[in-house]
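Take a look at the structure below.
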Amino acid sequence: MTAFVRVSGPPNSNFLVGYPGISATLPRIEGKVEIRPLVGYSAPVQVSLVTIALQRRESIHPAADSMAKKHLAAPRKEITDIVGKEMLLFRCPGGREHESVLSMDLPFVIFIPYGRGGEEVARRVPPASLQLGSRTAETFYELVVTVQQGHQDQRKYAFPVPISRYDTLSTFGMYNRPESAEGVTDHIVTLGISVPRWSYGPLDPVSVYIKLSPNPDWLSKARKVTIQQITVGIEEEITYNHEGDEPTTKVKTLAKQSQSVGVKLPVAGYFTNLGLIFPAKDLRDNEGIVPRGKKEFPTYALSSFTTTGTLYKIEFYLTVKAKLSSARDILIRQPIVVCPFDHAGCKEEMEAIEQAAKDAAQVSPDNPMLPASSITRASDPHGLEKLGMAVVGGHRKPLID
C-alpha cells in the first residue's frame, strides 16, 4: 500500500523558527512528518525507514536573459546540497523487513547552520532563497522526506521552505555608522564622500555628503579646474560561478542622480549633498492586486539583494563621479549592503528578533526535547479507535463515542 506523506509545522506558526543569519535565535525548522495510507484510510502501510533532510538547490544560467544567447550558451549549471544533517526519524526493529502501520507522526527539528566556519561548508550560513529575472540565478530550499516501504524503491517527497536572511538589517548598529572614502586625480583634486549608514532596502533614502578639495601643493593647477557635473548612482554587480574557473560578471546601474555644477574649484573646496531613493519593485499587478507569491521564494519589493551562494554572488556599490575639466574625472565605487526589507520593516523585526533570542535561550541544540513519536501499528488492539473506527459485526464502521 502506497503511503500518503506530508510535513506540518507547529500549530499556528511557520516551519521556520528563529531568524537565519542571527545565531542568538537558533534558527531551525520544526514540525512533524505525517504518514497515512494513500488509499482507504484504515488500510495498513508497510514502512521500513523514514528520514528527513533540508536540501538547498542552486542553479545559474547567465545567458538566460537573452533569447539569442540562451540557445548558444552552456546549459544551466546546478548543484544540490544538504543543509546541516539528514535525520533518521524511523527504522523498523532489526530482523524485520517492515512495520505495518495505520498512522505515523514523527516530530523533527533541523537546526540551520549559523556559524560561518570558514571553509567548513557544513557550518556556513545558507544563503537566502532568491530567484532572479529569467531565472539567471536561483536558490531554493526543500524539506525532503525519504520513505522506504519494504521491497519497494525509496520514495522522496519534497516540500518547499522559503528562507530569508536577517543579518543585513539596516537597523543593526554595525551598518548605522558613517562610511567614508577618497579618490584622487592627477594629484590635483581629491574627492571625498561620506554616507551616514551603509545598509539600504527598497525605497530607503540614500544621502551622500560630497567634498571636492584642491591639493594645497598644486594650487596654481587646481585653480584652473572646473567642476562640470557630479553624479551619484547605485550599481548591482552579479558574479556567476564566482568560485569556479571562468567567472562572469554583469554590472547594472539601478539608479542615478546628477547635479550640474559649472564652477571653478574654490581654494576652500566645494561641498554638496546629493541623494536618491533606493529603487523598489512594485509588487502589485495592473489591477492593483498583489499576486500570490511562489511557494519556494519569499516575496520581496526588490529584484535582488546582497547575497553569496556557491554558484553566484550579488554585490552593490554606491558610485560617485565628479566630471572635471583641466583634470581627469574621479570615480569612487563604495561597497554598500542591500537588505530585502526597508528601514521601517527592519525596525519592526527588531523586537521579534529579541523575543526569538529569549525563546532560543531555553533550547539546547544537542537535545532539543522533541515530543515523542506517535505510531499506530496495525497490530495495536485499539489501533482502529485512533483512526475513529470500530469493527461492528465484522465490518469497519465510524466510531461513535
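Each chain in the C-alpha cells gets a letter, A, B, ..., in the order shown, and its residues are numbered from 1; ligands are numbered from 1 in order too.
Residues in contact range of A:Ile82, defined as at most 9 Å between only C-alpha atoms, with sequence neighbours fewer than 4 positions away removed, read Ala53, Leu54, Gln55, Arg56, Arg57, Glu86 and Ala122 of chain A.
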Keeping only C-alpha atoms, take the residues you just selected and write them out as a short mmCIF file (atom, residue, chain, number, x, y, z; two decimals), in the first residue's frame.
data_model
loop_
_atom_site.label_atom_id
_atom_site.label_comp_id
_atom_site.auth_asym_id
_atom_site.auth_seq_id
_atom_site.Cartn_x
_atom_site.Cartn_y
_atom_site.Cartn_z
CA ALA A 53 16.76 16.49 5.29
CA LEU A 54 16.79 20.18 4.34
CA GLN A 55 18.09 20.41 0.79
CA ARG A 56 19.40 23.52 -0.97
CA ARG A 57 19.14 23.65 -4.74
CA GLU A 86 19.94 14.28 7.41
CA ALA A 122 28.54 22.39 6.75
#
Q: Write out as a PyMOL selection string the residues lying within 9 Å of A:Val5, counting only C-alpha atoms and excluding same-chain residues fewer than 4 positions away.
A: chain A and resi 33-38+145+147+157
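Within the 12 Å cut-off around A:Asp329, using only C-alpha atoms and omitting residues fewer than 5 positions from it on the same chain, the listed residues are Gly183, Val184, Thr185, Asp186, Ile188, Val189, Thr190, Leu191, Leu212, Val225, Thr226, Ile227, Gln228, Gln229, Ile230, Thr231, Val320, Lys321, Ala322, Lys323 and Leu324 of chain A.
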Filtering to C-alpha atoms, could you give me those residues as a PDB file, in the first residue's frame?
ATOM      1  CA  GLY A 183      39.697  59.331  -4.621  1.00  0.00           C
ATOM      2  CA  VAL A 184      42.416  61.498  -6.177  1.00  0.00           C
ATOM      3  CA  THR A 185      43.061  62.584  -9.778  1.00  0.00           C
ATOM      4  CA  ASP A 186      46.460  63.733 -11.107  1.00  0.00           C
ATOM      5  CA  ILE A 188      45.438  67.962  -8.167  1.00  0.00           C
ATOM      6  CA  VAL A 189      41.931  67.294  -6.832  1.00  0.00           C
ATOM      7  CA  THR A 190      40.672  64.979  -4.046  1.00  0.00           C
ATOM      8  CA  LEU A 191      37.088  63.689  -3.986  1.00  0.00           C
ATOM      9  CA  LEU A 212      35.999  68.223  -3.674  1.00  0.00           C
ATOM     10  CA  VAL A 225      39.893  73.002 -12.718  1.00  0.00           C
ATOM     11  CA  THR A 226      36.161  73.435 -13.396  1.00  0.00           C
ATOM     12  CA  ILE A 227      33.648  71.106 -11.712  1.00  0.00           C
ATOM     13  CA  GLN A 228      31.194  70.310 -14.500  1.00  0.00           C
ATOM     14  CA  GLN A 229      28.924  67.648 -13.029  1.00  0.00           C
ATOM     15  CA  ILE A 230      28.597  65.320 -10.031  1.00  0.00           C
ATOM     16  CA  THR A 231      26.691  62.036 -10.429  1.00  0.00           C
ATOM     17  CA  VAL A 320      30.108  58.942  -7.092  1.00  0.00           C
ATOM     18  CA  LYS A 321      31.616  60.506 -10.216  1.00  0.00           C
ATOM     19  CA  ALA A 322      32.989  64.039 -10.471  1.00  0.00           C
ATOM     20  CA  LYS A 323      33.268  65.241 -14.096  1.00  0.00           C
ATOM     21  CA  LEU A 324      36.032  67.839 -14.312  1.00  0.00           C
TER      22      LEU A 324
END
Using only C-alpha atoms, find each residue in stretch 102-157 of chain A having at least one atom no more than 12 Å away from stretch 232-256 of chain A; report its shortest atom-to-atom pair and that distance in Å (one decimal), rows by chain then rising number, as a Markdown table.
| residue | atom | partner | partner_atom | distance |
| --- | --- | --- | --- | --- |
| A:Leu132 | CA | A:Ile238 | CA | 10.5 |
| A:Thr136 | CA | A:Tyr240 | CA | 9.1 |
| A:Ala137 | CA | A:Tyr240 | CA | 8.2 |
| A:Glu138 | CA | A:Tyr240 | CA | 11.2 |
Output the selection as an mmCIF file, in the first residue's frame - C-alpha atoms for each residue.
data_model
loop_
_atom_site.group_PDB
_atom_site.id
_atom_site.type_symbol
_atom_site.label_atom_id
_atom_site.label_comp_id
_atom_site.auth_asym_id
_atom_site.auth_seq_id
_atom_site.Cartn_x
_atom_site.Cartn_y
_atom_site.Cartn_z
ATOM 1 C CA LEU A 132 16.483 36.479 -10.398
ATOM 2 C CA THR A 136 19.574 33.627 -14.469
ATOM 3 C CA ALA A 137 20.271 32.529 -10.875
ATOM 4 C CA GLU A 138 18.153 30.909 -8.196
#
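Separating atom CA of A:Pro178 from atom CA of A:Val263 is a distance of 28.2 Å.
Using only C-alpha atoms, the contacts of stretch 151-156 of chain A at a cut-off of 12 Å, with sequence neighbours closer than 4 positions omitted, comprise Met1, Thr2, Ala3, Phe4, Val5, Arg6, Gln46, Val47, Ser48, Leu49, Val50, Thr51, Ile52, Ala53, Gln55, Glu97, His98, Glu142, Leu143, Val144, Val145, Thr146 and Val147 of chain A.
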Quick one: contact table of stretch 154-227 of chain A to stretch 282-293 of chain A, 12 Å max, nearest atom pair and distance in Å to one decimal per residue, counting only C-alpha atoms, chain and number order, as a Markdown table?
| residue | atom | partner | partner_atom | distance |
| --- | --- | --- | --- | --- |
| A:Pro162 | CA | A:Gly293 | CA | 10.7 |
| A:Pro202 | CA | A:Asp282 | CA | 10.1 |
| A:Leu203 | CA | A:Asp282 | CA | 10.7 |
Q: Go through stretch 6-77 of chain A and collect every residue that DSSP, computed from the backbone, puts in strand (DSSP E); the answer should be as a VMD selection string.
A: chain A and resid 6 to 8 16 to 17 28 to 37 45 to 47 49 to 60 77
(Q) Nearest residue to A:Thr139 out of A:Leu102, A:Ala372, A:Val45, A:Val161, using only C-alpha atoms? (A) A:Val161
